[in-house]
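Peer 1: Got a structure for you, final_6.cif, holding mmCIF, C-alpha atoms and all ligand atoms.
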data_query
loop_
_atom_site.label_atom_id
_atom_site.label_comp_id
_atom_site.auth_asym_id
_atom_site.auth_seq_id
_atom_site.Cartn_x
_atom_site.Cartn_y
_atom_site.Cartn_z
CA MET X 5 -13.00 -23.35 19.00
CA ASN X 6 -9.64 -22.32 17.55
CA ILE X 7 -7.04 -23.96 19.77
CA LEU X 8 -3.28 -23.66 20.00
CA VAL X 9 -1.51 -26.73 21.41
CA THR X 10 2.02 -26.03 22.63
CA GLY X 11 4.10 -29.21 22.59
CA GLY X 12 1.60 -30.74 20.15
CA ALA X 13 4.38 -32.69 18.39
CA GLY X 14 5.21 -34.53 21.62
CA TYR X 15 3.86 -37.83 22.91
CA ILE X 16 0.73 -36.68 24.75
CA GLY X 17 0.36 -33.51 22.67
CA SER X 18 0.03 -35.42 19.39
CA VAL X 19 -2.86 -37.44 20.85
CA VAL X 20 -4.50 -34.32 22.31
CA VAL X 21 -4.33 -32.84 18.80
CA GLU X 22 -6.10 -35.92 17.40
CA GLU X 23 -8.88 -35.55 19.99
CA CYS X 24 -9.23 -31.79 19.39
CA LEU X 25 -9.66 -32.43 15.66
CA ARG X 26 -12.14 -35.24 16.36
CA ASP X 27 -14.15 -32.83 18.51
CA GLY X 28 -14.29 -30.36 15.58
CA HIS X 29 -11.80 -27.76 16.80
CA LYS X 30 -9.48 -25.91 14.46
CA THR X 31 -6.12 -26.95 15.89
CA VAL X 32 -2.75 -25.27 15.60
CA VAL X 33 0.38 -26.95 16.94
CA TYR X 34 3.20 -24.75 18.26
CA ASP X 35 6.37 -26.73 18.94
CA ASN X 36 10.11 -26.12 18.57
CA LEU X 37 10.68 -29.86 17.91
CA VAL X 38 13.44 -29.98 20.53
CA LYS X 39 11.82 -33.21 21.72
CA GLY X 40 8.82 -33.67 19.46
CA HIS X 41 8.35 -35.21 16.03
CA ARG X 42 6.89 -33.30 13.09
CA GLU X 43 5.47 -36.58 11.72
CA ALA X 44 3.45 -37.10 14.89
CA VAL X 45 1.30 -34.04 14.14
CA ALA X 46 -1.97 -35.00 12.44
CA PRO X 47 -2.01 -33.68 8.84
CA GLU X 48 -5.32 -31.85 9.46
CA ALA X 49 -3.67 -29.61 12.09
CA GLU X 50 -1.71 -26.45 11.28
CA PHE X 51 1.91 -26.61 12.39
CA VAL X 52 4.10 -23.71 13.46
CA LYS X 53 7.71 -24.38 14.41
CA GLY X 54 8.50 -21.97 17.20
CA ASP X 55 9.81 -21.60 20.72
CA LEU X 56 7.71 -20.41 23.66
CA LEU X 57 10.31 -17.73 24.27
CA ASN X 58 9.44 -16.13 20.93
CA GLY X 59 6.59 -13.92 22.16
CA GLU X 60 6.36 -11.98 18.88
CA LEU X 61 5.79 -15.17 16.88
CA LEU X 62 3.25 -16.39 19.44
CA LYS X 63 1.27 -13.14 19.18
CA LYS X 64 1.35 -13.33 15.40
CA VAL X 65 0.04 -16.92 15.51
CA PHE X 66 -2.69 -15.99 18.02
CA ARG X 67 -3.92 -13.25 15.68
CA GLN X 68 -3.49 -15.14 12.41
CA TYR X 69 -5.50 -18.16 13.60
CA GLU X 70 -7.84 -16.21 15.92
CA ILE X 71 -6.89 -18.51 18.79
CA GLU X 72 -9.45 -18.72 21.61
CA ALA X 73 -7.78 -21.21 23.95
CA VAL X 74 -4.34 -22.70 24.58
CA ILE X 75 -3.51 -26.23 25.69
CA HIS X 76 -0.02 -25.83 27.14
CA MET X 77 1.98 -29.06 27.07
CA ALA X 78 5.43 -27.85 25.96
CA ALA X 79 7.95 -28.45 28.74
CA TYR X 80 10.94 -30.46 29.82
CA SER X 81 9.97 -33.40 32.00
CA LEU X 82 12.93 -35.54 33.06
CA VAL X 83 13.13 -35.67 36.84
CA GLY X 84 16.81 -36.71 37.03
CA GLU X 85 17.91 -34.11 34.50
CA SER X 86 16.01 -31.44 36.41
CA VAL X 87 18.06 -32.23 39.52
CA GLN X 88 21.33 -32.09 37.54
CA ASN X 89 20.40 -28.96 35.62
CA PRO X 90 17.64 -26.97 37.34
CA ALA X 91 18.44 -23.86 35.29
CA LYS X 92 17.27 -25.64 32.14
CA TYR X 93 13.94 -26.44 33.84
CA TYR X 94 13.36 -22.97 35.30
CA GLN X 95 14.17 -21.49 31.88
CA ASN X 96 11.78 -23.67 29.89
CA ASN X 97 9.01 -24.55 32.33
CA VAL X 98 8.81 -21.17 34.07
CA VAL X 99 10.47 -18.39 32.02
CA ALA X 100 9.28 -19.70 28.63
CA GLY X 101 5.88 -20.48 30.17
CA LEU X 102 5.55 -16.88 31.34
CA SER X 103 6.48 -15.72 27.84
CA LEU X 104 3.45 -17.71 26.62
CA LEU X 105 1.17 -16.19 29.28
CA ASP X 106 2.31 -12.68 28.42
CA ALA X 107 1.77 -13.25 24.70
CA MET X 108 -1.73 -14.55 25.54
CA ARG X 109 -2.38 -11.46 27.65
CA GLU X 110 -1.29 -9.11 24.87
CA ALA X 111 -3.32 -10.99 22.24
CA ASP X 112 -6.34 -11.18 24.58
CA VAL X 113 -6.44 -14.99 24.70
CA LYS X 114 -8.13 -15.78 28.01
CA LYS X 115 -8.27 -19.57 28.33
CA ILE X 116 -5.57 -22.14 29.05
CA VAL X 117 -5.40 -25.83 29.93
CA PHE X 118 -2.07 -26.73 31.55
CA SER X 119 -0.27 -30.11 31.81
CA SER X 120 0.95 -30.51 35.37
CA PRO X 121 2.49 -33.65 36.87
CA ALA X 122 1.95 -35.80 39.96
CA ALA X 123 5.43 -34.52 40.89
CA VAL X 124 3.82 -31.39 42.37
CA TYR X 125 2.75 -33.53 45.36
CA GLY X 126 6.23 -34.88 46.15
CA GLU X 127 6.04 -37.77 48.60
CA PRO X 128 2.36 -37.84 49.53
CA GLU X 129 1.12 -38.38 53.05
CA LYS X 130 -1.89 -40.46 51.93
CA GLN X 131 -3.28 -42.43 48.99
CA PRO X 132 -5.16 -41.90 46.76
CA ILE X 133 -3.89 -38.37 46.24
CA GLU X 134 -6.54 -35.64 46.10
CA GLU X 135 -6.21 -32.18 44.60
CA THR X 136 -6.32 -30.58 48.05
CA ASP X 137 -3.38 -32.62 49.37
CA LYS X 138 -0.12 -31.02 50.36
CA LEU X 139 2.04 -29.72 47.50
CA ALA X 140 5.69 -30.45 48.27
CA PRO X 141 7.73 -31.22 45.13
CA THR X 142 11.01 -33.02 45.73
CA ASN X 143 12.71 -32.05 42.46
CA PRO X 144 13.02 -29.01 40.16
CA TYR X 145 10.70 -30.60 37.58
CA GLY X 146 7.78 -30.67 40.05
CA GLU X 147 8.83 -27.34 41.52
CA THR X 148 8.85 -25.54 38.14
CA LYS X 149 5.46 -26.98 37.19
CA LEU X 150 4.04 -25.84 40.53
CA ALA X 151 5.54 -22.39 40.02
CA PHE X 152 3.65 -22.15 36.72
CA GLU X 153 0.41 -23.26 38.43
CA HIS X 154 0.92 -20.46 40.94
CA ALA X 155 1.47 -17.96 38.13
CA LEU X 156 -1.84 -19.09 36.60
CA ARG X 157 -3.64 -18.32 39.85
CA TRP X 158 -2.22 -14.80 40.01
CA TYR X 159 -2.77 -14.13 36.30
CA GLU X 160 -6.39 -15.14 36.78
CA ASN X 161 -6.70 -12.80 39.73
CA ALA X 162 -5.21 -9.81 37.91
CA TYR X 163 -5.96 -10.41 34.22
CA ASN X 164 -9.09 -12.62 34.20
CA LEU X 165 -7.24 -15.53 32.64
CA ARG X 166 -9.22 -18.77 33.00
CA TYR X 167 -7.22 -21.96 33.56
CA VAL X 168 -7.61 -25.65 34.12
CA SER X 169 -4.59 -27.41 35.54
CA LEU X 170 -4.62 -31.14 34.83
CA ARG X 171 -2.24 -33.06 37.08
CA TYR X 172 -1.38 -36.23 35.19
CA PHE X 173 -0.03 -39.40 36.72
CA ASN X 174 1.63 -41.91 34.29
CA ALA X 175 0.49 -41.45 30.70
CA ALA X 176 0.83 -44.65 28.72
CA GLY X 177 -0.45 -46.46 25.63
CA ALA X 178 -0.88 -45.25 22.08
CA THR X 179 -3.35 -44.50 19.31
CA GLN X 180 -3.00 -46.02 15.86
CA ARG X 181 -0.71 -43.17 14.68
CA CYS X 182 0.81 -41.75 17.86
CA GLY X 183 2.92 -43.47 20.47
CA GLU X 184 5.63 -42.83 22.99
CA LEU X 185 9.12 -42.10 21.67
CA HIS X 186 11.13 -40.11 24.15
CA ASP X 187 14.89 -39.73 23.94
CA PRO X 188 16.07 -40.64 26.47
CA GLU X 189 13.16 -42.87 27.45
CA THR X 190 12.50 -43.07 31.18
CA HIS X 191 8.92 -44.40 31.30
CA LEU X 192 8.37 -47.99 32.36
CA ILE X 193 6.06 -49.34 29.63
CA PRO X 194 8.17 -48.29 26.61
CA LEU X 195 11.31 -49.44 28.44
CA VAL X 196 9.77 -52.86 29.07
CA LEU X 197 8.66 -53.18 25.43
CA GLN X 198 12.10 -52.14 24.21
CA ALA X 199 13.61 -54.85 26.43
CA ALA X 200 11.11 -57.34 24.99
CA ILE X 201 12.30 -56.72 21.42
CA GLY X 202 15.98 -56.54 22.35
CA GLN X 203 16.41 -52.80 21.81
CA ARG X 204 17.80 -52.74 25.33
CA SER X 205 19.34 -55.69 27.09
CA PHE X 206 17.20 -55.58 30.26
CA VAL X 207 14.75 -53.53 32.24
CA GLU X 208 15.71 -52.44 35.74
CA ILE X 209 13.49 -52.77 38.80
CA TYR X 210 14.47 -50.21 41.41
CA GLY X 211 13.73 -51.79 44.79
CA GLU X 212 11.88 -54.98 45.68
CA ASP X 213 11.47 -54.28 49.37
CA TYR X 214 8.67 -51.72 49.35
CA PRO X 215 5.60 -52.38 51.54
CA THR X 216 3.47 -53.30 48.49
CA ARG X 217 1.85 -56.56 47.32
CA ASP X 218 5.01 -57.81 45.57
CA GLY X 219 7.63 -55.45 46.99
CA THR X 220 7.88 -53.24 43.87
CA CYS X 221 6.50 -49.71 43.50
CA VAL X 222 2.84 -49.15 42.63
CA ARG X 223 1.94 -46.56 40.02
CA ASP X 224 -1.23 -45.31 38.37
CA TYR X 225 -1.29 -45.62 34.55
CA ILE X 226 -3.70 -43.68 32.40
CA HIS X 227 -4.27 -44.38 28.71
CA VAL X 228 -3.19 -41.43 26.61
CA ILE X 229 -6.57 -41.38 24.82
CA ASP X 230 -8.46 -41.08 28.14
CA LEU X 231 -6.00 -38.37 29.12
CA ALA X 232 -6.50 -36.50 25.85
CA ARG X 233 -10.29 -36.67 26.21
CA ALA X 234 -10.04 -34.98 29.59
CA HIS X 235 -8.54 -31.95 27.79
CA ILE X 236 -11.63 -31.65 25.61
CA LEU X 237 -13.81 -31.65 28.74
CA ALA X 238 -11.48 -29.14 30.38
CA LEU X 239 -11.92 -26.74 27.44
CA LYS X 240 -15.66 -26.75 28.11
CA ILE X 241 -15.45 -25.94 31.84
CA LEU X 242 -13.21 -22.94 31.05
CA ASP X 243 -16.39 -20.99 30.24
CA GLU X 244 -17.41 -21.32 33.88
CA LYS X 245 -14.38 -21.40 36.16
CA SER X 246 -10.71 -22.11 36.80
CA VAL X 247 -10.06 -25.46 38.41
CA ILE X 248 -7.45 -28.16 39.13
CA TYR X 249 -8.04 -31.87 38.45
CA ASN X 250 -5.98 -35.01 39.02
CA LEU X 251 -5.94 -37.51 36.17
CA GLY X 252 -5.12 -41.13 36.82
CA CYS X 253 -7.12 -44.31 36.86
CA GLY X 254 -7.08 -44.83 40.61
CA GLY X 255 -8.04 -48.24 41.97
CA ALA X 256 -5.19 -50.38 43.21
CA GLY X 257 -2.73 -49.25 40.51
CA TYR X 258 -0.13 -51.66 39.15
CA THR X 259 3.21 -52.77 40.52
CA VAL X 260 6.36 -52.70 38.41
CA ARG X 261 6.34 -56.51 38.42
CA GLU X 262 2.71 -56.56 37.23
CA VAL X 263 3.58 -54.25 34.33
CA ILE X 264 6.47 -56.50 33.30
CA GLU X 265 4.36 -59.67 33.59
CA THR X 266 1.48 -58.17 31.59
CA ALA X 267 3.89 -56.98 28.90
CA GLY X 268 5.31 -60.52 28.74
CA ASN X 269 1.79 -61.89 28.19
CA VAL X 270 0.86 -59.27 25.60
CA THR X 271 4.07 -59.64 23.56
CA ASN X 272 4.61 -63.33 24.19
CA LEU X 273 8.29 -62.48 24.61
CA GLU X 274 10.66 -62.89 27.48
CA ILE X 275 11.58 -59.65 29.20
CA PRO X 276 15.04 -59.65 30.78
CA VAL X 277 14.94 -58.00 34.20
CA ARG X 278 17.60 -56.80 36.62
CA THR X 279 16.94 -55.67 40.13
CA ALA X 280 18.69 -52.66 41.55
CA ALA X 281 18.58 -50.62 44.76
CA ARG X 282 15.73 -48.21 45.46
CA ARG X 283 16.09 -44.76 43.89
CA ALA X 284 16.04 -41.80 46.27
CA GLY X 285 12.68 -40.05 46.35
CA ASP X 286 10.63 -42.88 44.78
CA PRO X 287 7.49 -43.24 46.92
CA ALA X 288 6.16 -46.81 47.36
CA VAL X 289 2.72 -45.94 45.99
CA LEU X 290 1.45 -43.10 43.81
CA ILE X 291 -2.25 -43.31 43.03
CA ALA X 292 -4.47 -40.45 41.93
CA SER X 293 -7.98 -39.84 43.04
CA SER X 294 -9.75 -38.71 39.85
CA GLU X 295 -13.14 -38.49 41.58
CA LYS X 296 -13.29 -34.72 41.16
CA ILE X 297 -13.06 -34.70 37.34
CA LYS X 298 -15.38 -37.70 37.15
CA SER X 299 -18.09 -36.08 39.21
CA GLU X 300 -17.72 -32.51 37.90
CA LEU X 301 -17.04 -33.15 34.20
CA GLY X 302 -18.30 -36.70 33.75
CA TRP X 303 -14.84 -37.91 32.68
CA ASN X 304 -15.14 -41.63 32.15
CA PRO X 305 -11.91 -43.46 31.25
CA GLU X 306 -12.47 -46.19 28.67
CA TYR X 307 -9.08 -47.92 28.68
CA GLN X 308 -8.30 -48.48 32.35
CA ASP X 309 -7.19 -52.06 31.97
CA LEU X 310 -3.39 -52.44 31.97
CA ARG X 311 -3.52 -55.10 29.26
CA LEU X 312 -5.35 -52.72 26.90
CA ILE X 313 -2.85 -49.97 27.63
CA ILE X 314 0.18 -52.17 27.00
CA ASP X 315 -1.40 -53.81 23.97
CA SER X 316 -1.94 -50.42 22.30
CA ALA X 317 1.67 -49.41 23.02
CA TRP X 318 2.88 -52.74 21.64
CA GLN X 319 0.83 -52.47 18.42
CA TRP X 320 2.16 -48.95 17.90
CA LEU X 321 5.76 -49.94 18.49
CA ARG X 322 5.54 -52.84 16.04
CA ASN X 323 3.95 -50.65 13.33
CA HIS X 324 6.43 -47.93 14.00
CA LEU X 325 9.37 -50.27 13.54
CA GLN X 326 7.91 -51.89 10.43
CA ASN X 327 6.60 -48.87 8.60
CA SER X 328 9.37 -46.59 7.43
CA GLU X 329 6.84 -43.85 6.66
CA VAL X 330 6.18 -43.37 10.35
CA LYS X 331 9.81 -43.70 11.35
CA TYR X 332 10.19 -40.66 13.57
CA THR X 333 13.64 -39.21 13.99
CA THR X 334 14.93 -38.91 17.52
CA SER X 335 15.56 -35.34 18.45
CA THR X 336 18.42 -35.14 20.91
N1 LIG Z 1 4.37 -38.32 29.95
C1 LIG Z 1 3.82 -38.31 31.17
O1 LIG Z 1 3.52 -39.38 31.73
C2 LIG Z 1 3.51 -37.00 31.85
C3 LIG Z 1 3.02 -37.03 33.18
C4 LIG Z 1 2.70 -35.81 33.80
C5 LIG Z 1 2.83 -34.61 33.13
N2 LIG Z 1 3.31 -34.60 31.86
C6 LIG Z 1 3.43 -33.30 31.16
O2 LIG Z 1 2.75 -33.41 29.92
C7 LIG Z 1 3.40 -32.63 28.93
C8 LIG Z 1 3.69 -33.48 27.71
O3 LIG Z 1 4.48 -34.60 28.08
P1 LIG Z 1 5.08 -35.58 26.98
O4 LIG Z 1 5.43 -36.83 27.66
O5 LIG Z 1 4.17 -35.59 25.81
O6 LIG Z 1 6.43 -34.78 26.62
P2 LIG Z 1 7.19 -34.65 25.22
O7 LIG Z 1 8.61 -34.31 25.55
O8 LIG Z 1 6.92 -35.84 24.37
O9 LIG Z 1 6.50 -33.38 24.57
C9 LIG Z 1 6.83 -32.05 24.91
C10 LIG Z 1 6.83 -31.25 23.63
O10 LIG Z 1 7.10 -29.87 23.93
C11 LIG Z 1 8.02 -29.35 22.98
N3 LIG Z 1 8.73 -28.24 23.63
C12 LIG Z 1 9.48 -28.27 24.76
N4 LIG Z 1 9.93 -27.04 25.06
C13 LIG Z 1 9.44 -26.19 24.12
C14 LIG Z 1 9.54 -24.79 23.90
N5 LIG Z 1 10.27 -24.00 24.70
N6 LIG Z 1 8.90 -24.25 22.85
C15 LIG Z 1 8.16 -25.04 22.01
N7 LIG Z 1 8.02 -26.37 22.17
C16 LIG Z 1 8.67 -26.95 23.20
C17 LIG Z 1 8.91 -30.53 22.62
O11 LIG Z 1 9.54 -30.39 21.37
C18 LIG Z 1 7.90 -31.69 22.63
O12 LIG Z 1 7.31 -31.89 21.36
C19 LIG Z 1 4.64 -32.04 29.60
O13 LIG Z 1 4.33 -30.72 29.99
C20 LIG Z 1 4.86 -32.94 30.80
O14 LIG Z 1 5.48 -32.24 31.85
C21 LIG Z 1 3.65 -35.76 31.21
#
Will you turn the file into structure tokens for me?
Ligand SMILES: NC(=O)c1ccc[n+]([C@@H]2O[C@H](COP(=O)([O-])OP(=O)(O)OC[C@H]3O[C@@H](n4cnc5c(N)ncnc54)[C@H](O)[C@@H]3O)[C@@H](O)[C@H]2O)c1
Peer 2:
Amino acid sequence: MNILVTGGAGYIGSVVVEECLRDGHKTVVYDNLVKGHREAVAPEAEFVKGDLLNGELLKKVFRQYEIEAVIHMAAYSLVGESVQNPAKYYQNNVVAGLSLLDAMREADVKKIVFSSPAAVYGEPEKQPIEETDKLAPTNPYGETKLAFEHALRWYENAYNLRYVSLRYFNAAGATQRCGELHDPETHLIPLVLQAAIGQRSFVEIYGEDYPTRDGTCVRDYIHVIDLARAHILALKILDEKSVIYNLGCGGAGYTVREVIETAGNVTNLEIPVRTAARRAGDPAVLIASSEKIKSELGWNPEYQDLRLIIDSAWQWLRNHLQNSEVKYTTST
């Protein structure tokens, strides 16, 4: 297929692009580089620098590359920032997203895979979280992503758009070329590794009094390669139906302390830690049930083990720091 990946210069997008190319798809990246890195885009992919709000450019790109499906990953995704500045999130995650959908409609592109977050569930009533569970976002980030999911449903109803919404939990890990480099960084594994090498003086643990096995929050980490492979499967099901899938690794998840300990073992370095009060709105446990995508699409995660995930992120970070050729510039 000819595929357009919005946000394909970002962390997960750059790995999705690698998997699309590996699966034999002609792949075009569309990214304004507000957060992404041009160097992260595989050289075999086409790259167009553009904003989702530029509907005319999108239509031109759809026609020029005869795009058949879109993987839509471009968004803002900082929970705290979304609370401080909801307008920024409604503008990019909803208004700009609708600009993409309308350009698709006008160019007759009928298939889309969308990156949604666990944040659409808010504070869940049960674990593991299933796709049919209550949707109650507690911040504008989750709310704007859910609004876009709702738009997909109505666009399908009226315009025969086919969609797969993939609700990711915590993406982590790296491939040989692509790793996580957000600015600011808010995700636990890169923060812990940065603390290990002294790029930050400590890593903070928010709350040690949760009802979990060691008092710290439990989260579900999914290797970015397993996540990217789910997109390839999602492209295939688009021929049959629209559907929503959770994507995590399930099981017992990992506590914050377990992540820090494993990172200490992988790096063989001491990781300075500080404990702080709980953050408002942080549920004790967030675990996905990924049974639906496993049974319907045969998704079979290969890198579930936390050590493998952290090891890949660690290898990438070390190469990234050593090799000036892959020294990405930070964007904000
Ligand atoms: N990282 C996670 O753990 C996680 C979890 C759940 C969902 N998600 C979702 O997955 C997607 C990718 O996440 P990520 O961590 O790779 O983020 P990222 O910030 O690394 O990548 C997003 C990319 O989108 C681009 N972009 C943003 N707005 C744009 C616009 N208006 N026009 C064109 N390009 C634009 C940015 O430049 C960047 O390259 C996001 O939609 C995010 O909400 C991520």
Peer 1: Enumerate residues in contact with ligand LIG 1 (chain Z): an atom-to-atom distance of at most 8 Å, counting only C-alpha atoms and all ligand atoms. Format the result as a short mmCIF file (atom, residue, chain, number, x, y, z; two decimals) with C-alpha atoms, in the frame of the given file.
Peer 2:
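In the end it all went to result.cif:
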data_model
loop_
_atom_site.label_atom_id
_atom_site.label_comp_id
_atom_site.auth_asym_id
_atom_site.auth_seq_id
_atom_site.Cartn_x
_atom_site.Cartn_y
_atom_site.Cartn_z
CA THR X 10 2.02 -26.03 22.63
CA GLY X 11 4.10 -29.21 22.59
CA GLY X 12 1.60 -30.74 20.15
CA ALA X 13 4.38 -32.69 18.39
CA GLY X 14 5.21 -34.53 21.62
CA TYR X 15 3.86 -37.83 22.91
CA ILE X 16 0.73 -36.68 24.75
CA GLY X 17 0.36 -33.51 22.67
CA SER X 18 0.03 -35.42 19.39
CA TYR X 34 3.20 -24.75 18.26
CA ASP X 35 6.37 -26.73 18.94
CA ASN X 36 10.11 -26.12 18.57
CA LEU X 37 10.68 -29.86 17.91
CA VAL X 38 13.44 -29.98 20.53
CA LYS X 39 11.82 -33.21 21.72
CA GLY X 40 8.82 -33.67 19.46
CA HIS X 41 8.35 -35.21 16.03
CA LYS X 53 7.71 -24.38 14.41
CA GLY X 54 8.50 -21.97 17.20
CA ASP X 55 9.81 -21.60 20.72
CA LEU X 56 7.71 -20.41 23.66
CA LEU X 57 10.31 -17.73 24.27
CA HIS X 76 -0.02 -25.83 27.14
CA MET X 77 1.98 -29.06 27.07
CA ALA X 78 5.43 -27.85 25.96
CA ALA X 79 7.95 -28.45 28.74
CA TYR X 80 10.94 -30.46 29.82
CA SER X 81 9.97 -33.40 32.00
CA ASN X 96 11.78 -23.67 29.89
CA ASN X 97 9.01 -24.55 32.33
CA ALA X 100 9.28 -19.70 28.63
CA GLY X 101 5.88 -20.48 30.17
CA PHE X 118 -2.07 -26.73 31.55
CA SER X 119 -0.27 -30.11 31.81
CA SER X 120 0.95 -30.51 35.37
CA PRO X 121 2.49 -33.65 36.87
CA ALA X 122 1.95 -35.80 39.96
CA ALA X 123 5.43 -34.52 40.89
CA TYR X 145 10.70 -30.60 37.58
CA LYS X 149 5.46 -26.98 37.19
CA ARG X 171 -2.24 -33.06 37.08
CA TYR X 172 -1.38 -36.23 35.19
CA PHE X 173 -0.03 -39.40 36.72
CA ASN X 174 1.63 -41.91 34.29
CA ALA X 175 0.49 -41.45 30.70
CA ALA X 176 0.83 -44.65 28.72
CA GLU X 184 5.63 -42.83 22.99
CA LEU X 185 9.12 -42.10 21.67
CA HIS X 186 11.13 -40.11 24.15
CA HIS X 191 8.92 -44.40 31.30
#
Peer 1: Identify which of the residues X:Pro47, X:Pro287, X:Gly268, X:Pro144 lies closest to Gln95 of chain X, counting all atoms listed in the file when measuring atom-to-atom distances.
Peer 2: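 Nearest candidate to Gln95 of chain X out of X:Pro47, X:Pro287, X:Gly268, X:Pro144: X:Pro144.
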Peer 1: Would you list the contacts of Leu25 of chain X as number ranges by chain, taking every protein, DNA or RNA residue within 9 Å and counting only C-alpha atoms, but skipping same-chain residues closer than 5 positions in sequence?
Peer 2: X: 20, 30-31, 46, 48-49
Peer 1: Report, in Å with one decimal, the straight-line distance from atom CA of Asn6 of chain X to atom CA of Ala155 of chain X.
Peer 2: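 One can read the atom CA of Asn6 of chain X to atom CA of Ala155 of chain X distance as 23.8 Å.
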Peer 1: Rounded to one decimal in Å, what is the spacing between atom CA of Gln203 of chain X and atom CA of Ile313 of chain X?
Peer 2: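 Taking atom CA of Gln203 of chain X and atom CA of Ile313 of chain X, their separation equals 20.3 Å.
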Peer 1: Quick one: axis-aligned box around all listed atoms of segment 97-114 of chain X, 4 Å on every side, centre and edge lengths in Å to one decimal, written as JSON.
Peer 2:
{"center_x": 1.2, "center_y": -16.8, "center_z": 28.2, "size_x": 26.6, "size_y": 23.4, "size_z": 19.8}
Peer 1: Smallest atom-to-atom distance to Cys253 of chain X: which of X:Asn161, X:Asn304, X:Gln68, X:Thr220, using only C-alpha atoms?
Peer 2: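 Ranked by minimum distance to Cys253 of chain X, first place goes to X:Asn304.
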Peer 1: With only C-alpha atoms counted, which protein, DNA or RNA residues have an atom no more than 12 Å from (10.9, -38.3, 54.5) in the file frame? Please answer as a ChimeraX atom specification.
Peer 2: /X:126-129,140,142,284-287
Peer 1: Between X:Gly28, X:Gly252, X:Pro132, X:Gly146, single out the one closest to Pro90 of chain X, counting all atoms listed in the file.
Peer 2: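 Closest candidate: X:Gly146.
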Peer 1: At what distance in Å, to one decimal, does atom CA of Ala178 of chain X lie from atom CA of Ile229 of chain X?
Peer 2: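 Atom-to-atom, atom CA of Ile229 of chain X to atom CA of Ala178 of chain X, that is 7.4 Å.
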Peer 1: Counting only C-alpha atoms, which of X:Pro194, X:Pro141, X:Pro305, X:Gly219 gets nearest to Gly177 of chain X?
Peer 2: X:Pro194
Peer 1: Quick one: residues within 10 Å of Ala267 of chain X, all atoms listed in the file counted, chain neighbours fewer than 5 positions away excluded, as an mmCIF file with C-alpha atoms, in the frame of the given file?
Peer 2:
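Done, and the output landed in out13.cif:
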data_model
loop_
_atom_site.group_PDB
_atom_site.id
_atom_site.type_symbol
_atom_site.label_atom_id
_atom_site.label_comp_id
_atom_site.auth_asym_id
_atom_site.auth_seq_id
_atom_site.Cartn_x
_atom_site.Cartn_y
_atom_site.Cartn_z
ATOM 1 C CA ILE X 193 6.060 -49.340 29.630
ATOM 2 C CA PRO X 194 8.170 -48.290 26.610
ATOM 3 C CA VAL X 196 9.770 -52.860 29.070
ATOM 4 C CA LEU X 197 8.660 -53.180 25.430
ATOM 5 C CA ALA X 200 11.110 -57.340 24.990
ATOM 6 C CA ARG X 261 6.340 -56.510 38.420
ATOM 7 C CA GLU X 262 2.710 -56.560 37.230
ATOM 8 C CA ASN X 272 4.610 -63.330 24.190
ATOM 9 C CA LEU X 273 8.290 -62.480 24.610
ATOM 10 C CA GLU X 274 10.660 -62.890 27.480
ATOM 11 C CA ILE X 275 11.580 -59.650 29.200
ATOM 12 C CA LEU X 310 -3.390 -52.440 31.970
ATOM 13 C CA ARG X 311 -3.520 -55.100 29.260
ATOM 14 C CA ILE X 313 -2.850 -49.970 27.630
ATOM 15 C CA ILE X 314 0.180 -52.170 27.000
ATOM 16 C CA ASP X 315 -1.400 -53.810 23.970
ATOM 17 C CA ALA X 317 1.670 -49.410 23.020
ATOM 18 C CA TRP X 318 2.880 -52.740 21.640
#
Peer 1: Using only C-alpha atoms for the distances, tell me which of X:Ile248, X:Ile75, X:Leu301, X:Cys182 is nearest to Gln319 of chain X.
Peer 2: X:Cys182
Peer 1: With all atoms listed in the file as the atoms that count, which of X:Lys115, X:Phe206, X:Glu306, X:Arg233 lies nearest to Arg26 of chain X?
Peer 2: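 Selected residue with least distance to Arg26 of chain X: X:Arg233.
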